[in-house]
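Below: target-v1.txt (compact mmCIF, C-alpha atoms (C1' of nucleotides))
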# COMPACT_ATOMS: atom_id res chain seq x y z
CA MET A 21 -11.55 6.53 -5.68
CA PRO A 22 -14.06 8.61 -3.88
CA GLU A 23 -13.40 12.12 -2.69
CA LEU A 24 -15.77 14.32 -0.74
CA PRO A 25 -18.48 14.73 -3.41
CA GLU A 26 -18.58 11.00 -4.11
CA VAL A 27 -18.78 10.06 -0.44
CA GLU A 28 -21.43 12.73 0.15
CA THR A 29 -23.48 11.34 -2.73
CA ILE A 30 -23.23 7.78 -1.45
CA VAL A 31 -24.29 8.89 2.02
CA ARG A 32 -27.28 10.83 0.68
CA ASP A 33 -28.32 8.00 -1.63
CA LEU A 34 -28.30 5.42 1.13
CA ALA A 35 -29.66 7.39 4.09
CA PRO A 36 -33.37 6.92 3.30
CA PHE A 37 -32.92 3.16 3.17
CA LEU A 38 -30.73 2.82 6.26
CA LEU A 39 -32.11 5.22 8.85
CA ASN A 40 -33.93 3.48 11.69
CA ARG A 41 -33.23 0.06 10.21
CA ARG A 42 -31.89 -2.70 12.43
CA ILE A 43 -28.78 -4.65 11.41
CA VAL A 44 -29.75 -8.31 11.75
CA ARG A 45 -26.66 -10.00 10.29
CA VAL A 46 -23.04 -9.05 9.60
CA GLN A 47 -20.71 -10.90 7.24
CA VAL A 48 -17.09 -9.94 6.55
CA TRP A 49 -15.12 -12.01 4.07
CA ASP A 50 -11.97 -9.91 3.69
CA PRO A 51 -9.58 -10.12 6.63
CA LEU A 52 -8.02 -6.77 5.62
CA LEU A 53 -11.28 -4.84 5.92
CA VAL A 54 -11.92 -4.42 9.64
CA ARG A 55 -9.38 -2.21 11.37
CA TYR A 56 -10.99 -2.13 14.81
CA PRO A 57 -11.89 -4.13 16.82
CA GLY A 58 -11.18 -7.73 15.70
CA ARG A 59 -13.44 -9.26 13.09
CA GLN A 60 -15.43 -11.33 15.62
CA ASP A 61 -15.99 -8.37 17.94
CA PHE A 62 -16.88 -6.21 14.96
CA ASN A 63 -19.70 -8.58 14.03
CA ARG A 64 -20.87 -8.86 17.61
CA ARG A 65 -20.88 -5.11 18.13
CA LEU A 66 -22.90 -4.37 14.99
CA THR A 67 -25.43 -7.17 15.09
CA GLY A 68 -28.78 -6.03 16.47
CA ARG A 69 -27.96 -2.30 16.35
CA ILE A 70 -30.32 0.28 14.92
CA ILE A 71 -28.91 2.87 12.52
CA LEU A 72 -29.79 6.21 14.13
CA GLY A 73 -27.67 8.55 12.02
CA TRP A 74 -25.82 8.49 8.73
CA GLY A 75 -23.33 11.14 7.69
CA ARG A 76 -19.93 12.08 6.34
CA ARG A 77 -16.72 13.65 7.67
CA GLY A 78 -14.02 14.26 5.06
CA LYS A 79 -13.94 11.06 3.02
CA TYR A 80 -15.23 8.96 5.92
CA ILE A 81 -18.75 7.60 6.17
CA VAL A 82 -20.05 7.84 9.73
CA GLY A 83 -22.92 5.66 10.97
CA ARG A 84 -24.31 6.41 14.42
CA LEU A 85 -25.77 3.24 15.88
CA SER A 86 -27.85 2.45 18.93
CA GLY A 87 -25.97 2.01 22.18
CA GLY A 88 -23.54 4.82 21.31
CA LEU A 89 -21.63 2.71 18.79
CA THR A 90 -20.13 4.39 15.73
CA LEU A 91 -19.51 2.60 12.42
CA LEU A 92 -16.75 4.32 10.47
CA ILE A 93 -16.07 3.44 6.82
CA HIS A 94 -13.35 4.63 4.43
CA LEU A 95 -13.61 3.50 0.81
CA ARG A 96 -10.00 4.46 -0.08
CA MET A 97 -9.43 3.91 -3.82
CA THR A 98 -11.96 1.39 -5.05
CA GLY A 99 -14.43 0.73 -2.24
CA ARG A 100 -18.14 0.69 -3.03
CA LEU A 101 -21.10 0.75 -0.69
CA LEU A 102 -24.15 -0.57 -2.50
CA LEU A 103 -27.70 -1.21 -1.44
CA ASN A 104 -28.62 -4.62 -2.82
CA LEU A 105 -26.38 -5.78 -5.58
CA ALA A 106 -26.14 -5.18 -9.27
CA PRO A 107 -26.01 -8.56 -11.01
CA GLY A 108 -22.42 -9.60 -11.62
CA GLU A 109 -20.96 -7.25 -9.03
CA LYS A 110 -17.54 -8.60 -8.05
CA TYR A 111 -15.06 -8.14 -5.22
CA GLN A 112 -17.63 -8.60 -2.44
CA ARG A 113 -15.90 -8.05 0.91
CA ALA A 114 -18.74 -7.64 3.41
CA ALA A 115 -22.52 -7.41 3.76
CA LEU A 116 -24.96 -6.07 6.34
CA ASP A 117 -28.47 -7.52 6.36
CA LEU A 118 -31.22 -5.15 7.47
CA ASP A 119 -34.49 -5.97 9.17
CA ASP A 120 -36.55 -5.12 6.07
CA GLY A 121 -34.74 -7.69 3.94
CA ALA A 122 -32.40 -5.23 2.22
CA ARG A 123 -28.69 -5.93 2.14
CA LEU A 124 -25.93 -3.34 2.23
CA TRP A 125 -22.86 -4.61 0.33
CA TYR A 126 -19.26 -3.53 0.61
CA CYS A 127 -17.23 -4.31 -2.53
CA ASP A 128 -13.61 -3.32 -3.06
CA LEU A 129 -11.30 -4.35 -5.89
CA ARG A 130 -8.02 -3.19 -4.36
CA ARG A 131 -8.91 -4.00 -0.75
CA PHE A 132 -7.59 -0.73 0.68
CA GLY A 133 -10.90 0.13 2.35
CA ASP A 134 -11.29 0.14 6.13
CA MET A 135 -14.06 -0.14 8.71
CA TRP A 136 -14.10 0.57 12.44
CA ALA A 137 -16.81 -0.01 15.06
CA TYR A 138 -15.99 1.98 18.17
CA TRP A 139 -17.43 3.36 21.35
CA PRO A 140 -16.57 6.69 22.97
CA GLY A 141 -13.14 6.41 24.55
CA GLU A 142 -11.73 4.19 21.80
CA GLU A 143 -10.83 7.01 19.41
CA GLU A 144 -7.13 6.20 19.64
CA HIS A 145 -7.74 3.35 17.19
CA LEU A 146 -9.10 5.55 14.43
CA GLY A 147 -5.88 6.72 12.78
CA GLY A 148 -6.22 9.67 10.43
CA PHE A 149 -9.85 10.29 11.35
CA ASN A 150 -8.64 12.04 14.49
CA ALA A 151 -6.44 14.47 12.60
CA LEU A 152 -8.91 15.71 9.98
CA GLY A 153 -8.81 19.40 9.16
CA PRO A 154 -11.91 21.55 8.64
CA GLU A 155 -14.70 20.63 6.29
CA PRO A 156 -14.00 22.55 3.07
CA LEU A 157 -17.62 23.70 2.74
CA SER A 158 -17.74 25.08 6.29
CA PRO A 159 -16.83 28.66 7.24
CA ASP A 160 -13.87 27.25 9.19
CA PHE A 161 -12.15 26.63 5.88
CA ASN A 162 -11.11 30.00 4.51
CA SER A 163 -8.09 31.98 3.37
CA ARG A 164 -7.13 32.85 6.94
CA TRP A 165 -6.87 29.17 7.82
CA LEU A 166 -4.87 28.52 4.67
CA ALA A 167 -2.51 31.43 5.40
CA GLN A 168 -1.89 30.15 8.90
CA ARG A 169 -1.29 26.56 7.87
CA LEU A 170 0.70 27.22 4.67
CA ALA A 171 3.11 29.76 6.15
CA GLY A 172 6.70 28.67 5.58
CA ARG A 173 5.76 25.50 3.74
CA LYS A 174 7.96 24.59 0.79
CA ALA A 175 6.06 21.61 -0.56
CA PRO A 176 3.97 22.11 -3.71
CA ILE A 177 0.49 23.44 -2.98
CA LYS A 178 -0.87 20.40 -4.78
CA ALA A 179 0.72 18.08 -2.22
CA LEU A 180 -0.41 20.19 0.72
CA LEU A 181 -4.04 20.25 -0.41
CA LEU A 182 -4.02 16.45 -0.44
CA ASP A 183 -3.12 16.47 3.27
CA GLN A 184 -6.37 15.71 5.08
CA SER A 185 -5.26 17.61 8.18
CA LEU A 186 -5.15 20.83 6.16
CA VAL A 187 -8.62 20.34 4.73
CA ALA A 188 -10.74 17.19 4.84
CA GLY A 189 -12.06 15.60 1.68
CA LEU A 190 -9.97 16.76 -1.26
CA GLY A 191 -8.28 14.20 -3.50
CA ASN A 192 -6.46 14.14 -6.80
CA ILE A 193 -9.39 15.17 -9.00
CA TYR A 194 -10.70 18.13 -7.05
CA VAL A 195 -7.30 19.52 -6.07
CA ASP A 196 -6.41 19.77 -9.75
CA GLU A 197 -9.79 21.26 -10.58
CA ALA A 198 -9.62 23.81 -7.77
CA LEU A 199 -6.08 24.91 -8.65
CA PHE A 200 -7.14 25.39 -12.26
CA LEU A 201 -10.17 27.42 -11.24
CA ALA A 202 -7.99 29.56 -8.96
CA GLY A 203 -5.33 29.99 -11.67
CA ILE A 204 -2.53 28.65 -9.46
CA PHE A 205 0.36 26.48 -10.70
CA PRO A 206 0.28 23.18 -8.74
CA GLY A 207 4.05 23.24 -8.15
CA ARG A 208 4.03 26.57 -6.30
CA PRO A 209 5.45 26.25 -2.77
CA GLY A 210 2.51 26.48 -0.38
CA GLY A 211 4.07 29.31 1.59
CA SER A 212 4.56 31.45 -1.51
CA LEU A 213 0.86 32.08 -2.15
CA GLY A 214 -0.29 35.64 -1.59
CA PRO A 215 -3.52 36.77 0.13
CA ARG A 216 -5.44 37.18 -3.10
CA GLU A 217 -4.37 33.74 -4.25
CA LEU A 218 -5.45 32.21 -0.95
CA ASP A 219 -8.84 33.91 -1.27
CA ALA A 220 -9.20 32.53 -4.78
CA LEU A 221 -8.07 29.08 -3.70
CA ALA A 222 -10.50 28.80 -0.78
CA ALA A 223 -13.34 30.04 -2.99
CA SER A 224 -12.38 27.66 -5.81
CA VAL A 225 -12.30 24.64 -3.51
CA LYS A 226 -15.80 25.44 -2.28
CA GLU A 227 -17.12 26.07 -5.77
CA VAL A 228 -15.68 22.91 -7.30
CA LEU A 229 -16.93 20.71 -4.49
CA THR A 230 -20.37 22.28 -4.48
CA ARG A 231 -20.77 21.74 -8.21
CA ALA A 232 -19.39 18.21 -7.99
CA ILE A 233 -21.93 17.33 -5.29
CA GLU A 234 -24.66 18.75 -7.54
CA GLY A 235 -23.26 16.50 -10.29
CA ARG A 236 -23.37 13.50 -7.93
CA GLY A 237 -19.64 12.89 -8.15
CA THR A 238 -17.14 11.89 -10.83
CA THR A 239 -17.17 8.40 -12.33
CA PHE A 240 -13.91 7.63 -14.09
CA ARG A 241 -13.83 3.94 -13.45
CA ASP A 242 -14.76 2.53 -10.07
CA TYR A 243 -17.02 5.04 -8.36
CA ARG A 244 -20.69 4.13 -8.19
CA ARG A 245 -23.51 5.85 -6.33
CA GLY A 246 -25.32 4.04 -3.51
CA LEU A 247 -27.74 2.38 -5.89
CA GLY A 248 -25.08 1.47 -8.44
CA THR A 249 -25.43 4.26 -10.99
CA PRO A 250 -22.47 6.44 -12.05
CA GLY A 251 -22.02 10.12 -11.25
CA GLU A 252 -22.13 12.84 -13.88
CA PHE A 253 -19.47 15.37 -12.93
CA GLN A 254 -16.87 13.77 -15.21
CA HIS A 255 -18.51 15.73 -18.03
CA GLN A 256 -17.64 19.00 -16.32
CA LEU A 257 -13.99 18.35 -15.45
CA GLN A 258 -11.68 21.10 -16.72
CA VAL A 259 -8.27 19.47 -16.29
CA TYR A 260 -8.30 16.07 -14.51
CA GLY A 261 -7.77 13.31 -17.06
CA ARG A 262 -7.37 15.84 -19.89
CA SER A 263 -3.60 16.16 -20.29
CA GLY A 264 -2.67 16.68 -23.92
CA GLN A 265 -6.08 18.16 -24.69
CA PRO A 266 -6.74 21.87 -25.13
CA CYS A 267 -7.49 24.09 -22.12
CA LEU A 268 -11.19 24.86 -22.17
CA ARG A 269 -10.45 28.46 -21.24
CA CYS A 270 -7.48 29.45 -23.42
CA GLY A 271 -6.90 26.60 -25.85
CA GLU A 272 -3.34 25.88 -24.71
CA MET A 273 -2.37 22.19 -24.48
CA LEU A 274 -2.85 20.94 -20.93
CA ALA A 275 0.36 19.63 -19.34
CA ARG A 276 1.07 16.84 -16.90
CA MET A 277 3.49 16.83 -13.99
CA ARG A 278 4.18 14.87 -10.82
CA ALA A 279 3.36 16.56 -7.51
CA GLY A 280 2.64 15.09 -4.14
CA GLY A 281 3.44 11.72 -5.67
CA ARG A 282 0.40 12.04 -7.93
CA THR A 283 -0.20 12.77 -11.57
CA THR A 284 -1.18 16.41 -11.85
CA VAL A 285 -2.77 18.12 -14.85
CA TYR A 286 -2.70 21.88 -15.34
CA CYS A 287 -2.76 24.61 -17.95
CA PRO A 288 0.70 26.17 -18.44
CA ARG A 289 -0.86 29.45 -19.52
CA CYS A 290 -3.76 29.84 -17.06
CA GLN A 291 -1.82 28.55 -14.03
CA GLN A 292 1.42 30.48 -13.51
C1' DC B 26 9.00 19.17 12.07
C1' DC B 27 9.34 18.82 6.82
C1' DG B 28 9.29 16.57 2.30
C1' DT B 29 9.51 12.64 -0.65
C1' DA B 30 9.65 7.71 -2.02
C1' DG B 31 7.86 3.28 -1.23
C1' DA B 32 4.30 0.15 0.42
C1' DC B 33 -0.27 -1.67 0.67
C1' DC B 34 -3.56 -4.56 -3.38
C1' DT B 35 -5.57 -5.86 -7.80
C1' DG B 36 -6.60 -4.65 -11.94
C1' DT B 37 -6.45 -2.19 -16.89
C1' DG B 38 -4.19 -0.15 -20.70
C1' DT B 39 -0.04 0.42 -23.65
C1' DG B 40 4.01 -0.59 -26.14
C1' DC B 41 7.34 -3.92 -27.83
C1' DT C 9 -0.37 -13.65 -27.92
C1' DG C 10 2.92 -12.72 -24.13
C1' DC C 11 5.37 -9.90 -21.21
C1' DA C 12 6.91 -5.80 -18.86
C1' DC C 13 5.76 -1.55 -17.21
C1' DA C 14 3.03 2.56 -16.05
C1' DC C 15 -0.85 3.95 -13.89
C1' DA C 16 -5.31 4.10 -10.91
C1' DG C 17 -10.87 9.23 -7.05
C1' DG C 18 -5.95 7.15 -0.82
C1' DT C 19 -3.31 7.06 3.03
C1' DC C 20 0.66 5.17 6.05
C1' DT C 21 5.46 4.46 7.20
C1' DA C 22 10.18 4.96 6.88
C1' DC C 23 14.06 7.71 5.92
C1' DG C 24 17.19 11.70 5.00
Let me see whether you can do it: turn the structure in this file into structure tokens.
Amino acid sequence: MPELPEVETIVRDLAPFLLNRRIVRVQVWDPLLVRYPGRQDFNRRLTGRIILGWGRRGKYIVGRLSGGLTLLIHLRMTGRLLLNLAPGEKYQRAALDLDDGARLWYCDLRRFGDMWAYWPGEEEHLGGFNALGPEPLSPDFNSRWLAQRLAGRKAPIKALLLDQSLVAGLGNIYVDEALFLAGIFPGRPGGSLGPRELDALAASVKEVLTRAIEGRGTTFRDYRRGLGTPGEFQHQLQVYGRSGQPCLRCGEMLARMRAGGRTTVYCPRCQQ
DNA sequence: CCGTAGACCTGTGTGC
DNA sequence: TGCACACAGGTCTACG
């Protein structure tokens, strides 16, 4: 579900309520949720810690806790992190009680989400977190980086942009939106893009993500902000979810294809 | 190393 | 109404 703008929004929403709070109780009901360490150790490690920092890296939520412990959370497709609970909220998988009486809930319909609680030296257990590429909104992500990493690649640019080691935080919505903005056909082999196209692509990724953060993320179905409200960027989407509808730029019927194993929407006229 | 299909899990929407 | 199938903001793994 959540891509970079959604995770960023959740982190920003929750930070004021979590910073400097002590975790007084940890409950995990879903045995699939905790990836490292075991569930018992996870509870023991977190209980009593103070939340000193609260941030994001790619689509991961990163909590810096007292004692040097890090709490890492990935929401995958349908995970939700909610402060206190909307009435009727289902799929409760875990809860953290804070010392001011608030409760941070983790809910997840499809149960793909993961959490880790690790100390320095235990990074080998973190999977893809170790291999993340640059943050798309940082200067490290630019057309030079793209040129270097895309050289010789035959896979569709759509698939390559979903690879979190190329750039951290893009998912199905914002890849389609960025490729539309850059005027690039999603099926183009990554290595075939020219310098001007790479410039446009890097700029488009930054622009789309910046605007989506301003719009507090895209709510299609599952995504909710930290206090339970939906985002607003769905009203500004140009292509995602709009196949069969007219292109907002040229009027042509938007088409749908499969790329990178994902449904991909594009404009056959604007994206050659 | 590269690229793609299938797996993980639980639900919703669609067509017959 | 029932049933089968496609599809869903993500990643891993296995295989050619």
query: Could you list, as a ChimeraX atom specification, every residue of chain C that has an atom within 12 Å of an atom of chain A, counting all atoms listed in the file?
result: /C:14-20
Atoms to include: C-alpha atoms (C1' of nucleotides). Write the selected residues as a PDB file, in the coordinates of the input.
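Output contents, as saved in again-v1.pdb:
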ATOM      1  C1'  DA C  14       3.030   2.560 -16.050  1.00  0.00           C
ATOM      2  C1'  DC C  15      -0.850   3.950 -13.890  1.00  0.00           C
ATOM      3  C1'  DA C  16      -5.310   4.100 -10.910  1.00  0.00           C
ATOM      4  C1'  DG C  17     -10.870   9.230  -7.050  1.00  0.00           C
ATOM      5  C1'  DG C  18      -5.950   7.150  -0.820  1.00  0.00           C
ATOM      6  C1'  DT C  19      -3.310   7.060   3.030  1.00  0.00           C
ATOM      7  C1'  DC C  20       0.660   5.170   6.050  1.00  0.00           C
TER       8       DC C  20
END
Show me which bits of chain B are within 7 Å of chain A, counting all atoms listed in the file, as a compact mmCIF listing (two decimals) with C-alpha atoms (C1' of nucleotides), keeping the file's coordinate frame.
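Contents of out29.txt, as written:
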# COMPACT_ATOMS: atom_id res chain seq x y z
C1' DG B 28 9.29 16.57 2.30
C1' DC B 34 -3.56 -4.56 -3.38
C1' DT B 35 -5.57 -5.86 -7.80
Using only C-alpha atoms (C1' of nucleotides), which protein or nucleic acid residues come within 10 Å of Gly73 (chain A)? Drop anything in the same chain fewer than 2 positions from it, and give the result as a PDB file with C-alpha atoms, in the frame of the given file.
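The resulting file, result.pdb, is shown below:
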ATOM      1  CA  ALA A  35     -29.660   7.390   4.090  1.00  0.00           C
ATOM      2  CA  LEU A  38     -30.730   2.820   6.260  1.00  0.00           C
ATOM      3  CA  LEU A  39     -32.110   5.220   8.850  1.00  0.00           C
ATOM      4  CA  ASN A  40     -33.930   3.480  11.690  1.00  0.00           C
ATOM      5  CA  ILE A  70     -30.320   0.280  14.920  1.00  0.00           C
ATOM      6  CA  ILE A  71     -28.910   2.870  12.520  1.00  0.00           C
ATOM      7  CA  GLY A  75     -23.330  11.140   7.690  1.00  0.00           C
ATOM      8  CA  VAL A  82     -20.050   7.840   9.730  1.00  0.00           C
ATOM      9  CA  GLY A  83     -22.920   5.660  10.970  1.00  0.00           C
ATOM     10  CA  ARG A  84     -24.310   6.410  14.420  1.00  0.00           C
ATOM     11  CA  LEU A  85     -25.770   3.240  15.880  1.00  0.00           C
ATOM     12  CA  SER A  86     -27.850   2.450  18.930  1.00  0.00           C
ATOM     13  CA  THR A  90     -20.130   4.390  15.730  1.00  0.00           C
TER      14      THR A  90
END
- request: Have a look at C1' of DG40 (chain B) and CA of Tyr111 (chain A) and let me know their distance in Å, one decimal.
  value: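 Separating C1' of DG40 (chain B) from CA of Tyr111 (chain A) is a distance of 29.3 Å.
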message: Give me, as number ranges by chain, all polymer residues having an atom no more than 6 Å from Gly203 (chain A), counting only C-alpha atoms (C1' of nucleotides) and skipping those fewer than 4 positions away in the same chain.
response: A: 199, 290-291
message: Given only C-alpha atoms as the basis, pick out the residue of A:Gln292, A:Asn104, A:Thr249, A:Ser163 nearest to Ile204 (chain A).
response: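 Of A:Gln292, A:Asn104, A:Thr249, A:Ser163, the one nearest Ile204 (chain A), counting only C-alpha atoms, is A:Gln292.
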- prompt: For the atom pair CA of Arg55 (chain A) and C1' of DA32 (chain B), what is the interatomic distance in Å to one decimal place?
  reply: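 Rounded to one decimal, the two atoms are 17.7 Å apart.
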- request: Please identify all polymer residues within 12 Å of DC13 (chain C), counting only C-alpha atoms (C1' of nucleotides), omitting same-chain residues fewer than 5 positions from it, and present them as a list in words.
  value: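 The residues satisfying every condition are DG38, DT39, DG40 and DC41 of chain B.
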query: Residues at most 12 Å from Arg231 (chain A), counting all atoms listed in the file, excluding those fewer than 3 positions away in the same chain, as a PyMOL selection string?
result: chain A and resi 24-26+157+194+197-198+224-228+234-238+252-257
message: Using Å and a single decimal, report how far CA of Ala167 (chain A) sits from CA of Leu218 (chain A).
response: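 These atoms are spaced 7.0 Å apart.
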Residue nearest Cys270 (chain A) among A:Arg77, A:Arg69, A:Arg32, A:Arg289 (counting all atoms listed in the file):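 With all atoms listed in the file as the atom set, the closest residue is A:Arg289.
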- request: Rank nothing, just name the residue among A:Arg278, A:Phe205, A:Gly210, A:Glu28 nearest to Leu229 (chain A), using all atoms listed in the file.
  value: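 Result for the nearest residue to Leu229 (chain A): A:Glu28.
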query: In file coordinates, which residues lie within 12 Å of (-4.8, 17.4, 9.7) using all atoms listed in the file, given as a PyMOL selection string?
result: chain A and resi 78+147-155+169+180-189
message: Show me the residues around (0.6, 18.5, -8.9) - criterion: an atom at most 6 Å away, only C-alpha atoms (C1' of nucleotides) counted - as a ChimeraX atom specification.
response: /A:178,206-207,278-279,284
- prompt: With distances taken over only C-alpha atoms, which of A:Ile233, A:Val44, A:Cys287, A:Met277 is nearest to Gln258 (chain A)?
  reply: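 For Gln258 (chain A), the nearest of the given residues is A:Cys287.
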- prompt: Between A:Leu92, A:Trp165, A:Arg45, A:Ile81, which is the closest to Gly121 (chain A) once you count all atoms listed in the file?
  reply: A:Arg45
Would you mind completing region 42-51 of chain A so that it carries all heavy atoms, and writing it out as a JSON list (two decimals), keeping the file's coordinate frame?
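Writing done, so here's selection.json:
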[["chain", "number", "residue", "atom", "x", "y", "z"],
["A", 42, "ARG", "N", -32.70, -1.89, 11.53],
["A", 42, "ARG", "CA", -31.89, -2.70, 12.43],
["A", 42, "ARG", "C", -30.97, -3.63, 11.62],
["A", 42, "ARG", "O", -31.40, -4.19, 10.61],
["A", 42, "ARG", "CB", -32.78, -3.54, 13.35],
["A", 42, "ARG", "CG", -31.99, -4.34, 14.41],
["A", 42, "ARG", "CD", -32.91, -5.21, 15.24],
["A", 42, "ARG", "NE", -33.86, -4.43, 16.04],
["A", 42, "ARG", "CZ", -33.59, -3.92, 17.25],
["A", 42, "ARG", "NH1", -32.40, -4.10, 17.79],
["A", 42, "ARG", "NH2", -34.50, -3.25, 17.91],
["A", 43, "ILE", "N", -29.73, -3.73, 12.05],
["A", 43, "ILE", "CA", -28.78, -4.65, 11.41],
["A", 43, "ILE", "C", -29.01, -6.03, 12.02],
["A", 43, "ILE", "O", -28.82, -6.22, 13.22],
["A", 43, "ILE", "CB", -27.33, -4.20, 11.65],
["A", 43, "ILE", "CG1", -27.09, -2.81, 11.05],
["A", 43, "ILE", "CG2", -26.35, -5.21, 11.07],
["A", 43, "ILE", "CD1", -25.80, -2.15, 11.50],
["A", 44, "VAL", "N", -29.42, -6.99, 11.20],
["A", 44, "VAL", "CA", -29.75, -8.31, 11.75],
["A", 44, "VAL", "C", -28.64, -9.34, 11.50],
["A", 44, "VAL", "O", -28.62, -10.38, 12.14],
["A", 44, "VAL", "CB", -31.09, -8.83, 11.19],
["A", 44, "VAL", "CG1", -32.23, -7.93, 11.62],
["A", 44, "VAL", "CG2", -31.05, -8.95, 9.68],
["A", 45, "ARG", "N", -27.75, -9.05, 10.54],
["A", 45, "ARG", "CA", -26.66, -10.00, 10.29],
["A", 45, "ARG", "C", -25.47, -9.27, 9.69],
["A", 45, "ARG", "O", -25.64, -8.37, 8.86],
["A", 45, "ARG", "CB", -27.13, -11.09, 9.34],
["A", 45, "ARG", "CG", -26.13, -12.21, 9.17],
["A", 45, "ARG", "CD", -26.57, -13.20, 8.11],
["A", 45, "ARG", "NE", -25.70, -14.37, 8.08],
["A", 45, "ARG", "CZ", -25.62, -15.20, 7.05],
["A", 45, "ARG", "NH1", -26.37, -15.01, 5.98],
["A", 45, "ARG", "NH2", -24.80, -16.23, 7.09],
["A", 46, "VAL", "N", -24.27, -9.66, 10.10],
["A", 46, "VAL", "CA", -23.04, -9.05, 9.60],
["A", 46, "VAL", "C", -22.14, -10.14, 9.05],
["A", 46, "VAL", "O", -21.87, -11.13, 9.72],
["A", 46, "VAL", "CB", -22.30, -8.29, 10.73],
["A", 46, "VAL", "CG1", -21.00, -7.68, 10.20],
["A", 46, "VAL", "CG2", -23.19, -7.23, 11.35],
["A", 47, "GLN", "N", -21.67, -9.95, 7.82],
["A", 47, "GLN", "CA", -20.71, -10.90, 7.24],
["A", 47, "GLN", "C", -19.52, -10.13, 6.69],
["A", 47, "GLN", "O", -19.69, -9.18, 5.93],
["A", 47, "GLN", "CB", -21.36, -11.70, 6.10],
["A", 47, "GLN", "CG", -22.43, -12.68, 6.56],
["A", 47, "GLN", "CD", -23.22, -13.23, 5.39],
["A", 47, "GLN", "OE1", -24.15, -12.61, 4.91],
["A", 47, "GLN", "NE2", -22.83, -14.40, 4.93],
["A", 48, "VAL", "N", -18.32, -10.55, 7.07],
["A", 48, "VAL", "CA", -17.09, -9.94, 6.55],
["A", 48, "VAL", "C", -16.23, -11.05, 5.99],
["A", 48, "VAL", "O", -15.86, -11.98, 6.71],
["A", 48, "VAL", "CB", -16.32, -9.19, 7.67],
["A", 48, "VAL", "CG1", -15.01, -8.63, 7.12],
["A", 48, "VAL", "CG2", -17.18, -8.06, 8.25],
["A", 49, "TRP", "N", -15.91, -10.96, 4.71],
["A", 49, "TRP", "CA", -15.12, -12.01, 4.07],
["A", 49, "TRP", "C", -13.65, -11.63, 3.88],
["A", 49, "TRP", "O", -12.83, -12.48, 3.62],
["A", 49, "TRP", "CB", -15.74, -12.37, 2.71],
["A", 49, "TRP", "CG", -17.15, -12.85, 2.86],
["A", 49, "TRP", "CD1", -17.55, -14.03, 3.42],
["A", 49, "TRP", "CD2", -18.34, -12.16, 2.47],
["A", 49, "TRP", "NE1", -18.92, -14.12, 3.40],
["A", 49, "TRP", "CE2", -19.43, -13.00, 2.82],
["A", 49, "TRP", "CE3", -18.61, -10.93, 1.86],
["A", 49, "TRP", "CZ2", -20.75, -12.62, 2.58],
["A", 49, "TRP", "CZ3", -19.91, -10.57, 1.63],
["A", 49, "TRP", "CH2", -20.98, -11.41, 1.98],
["A", 50, "ASP", "N", -13.35, -10.35, 3.92],
["A", 50, "ASP", "CA", -11.97, -9.91, 3.69],
["A", 50, "ASP", "C", -11.29, -9.59, 5.01],
["A", 50, "ASP", "O", -11.69, -8.66, 5.71],
["A", 50, "ASP", "CB", -11.99, -8.67, 2.79],
["A", 50, "ASP", "CG", -10.58, -8.19, 2.45],
["A", 50, "ASP", "OD1", -9.61, -8.77, 2.98],
["A", 50, "ASP", "OD2", -10.46, -7.25, 1.66],
["A", 51, "PRO", "N", -10.25, -10.34, 5.36],
["A", 51, "PRO", "CA", -9.58, -10.12, 6.63],
["A", 51, "PRO", "C", -8.87, -8.76, 6.72],
["A", 51, "PRO", "O", -8.53, -8.33, 7.82],
["A", 51, "PRO", "CB", -8.55, -11.26, 6.70],
["A", 51, "PRO", "CG", -8.39, -11.74, 5.31],
["A", 51, "PRO", "CD", -9.69, -11.47, 4.61]]
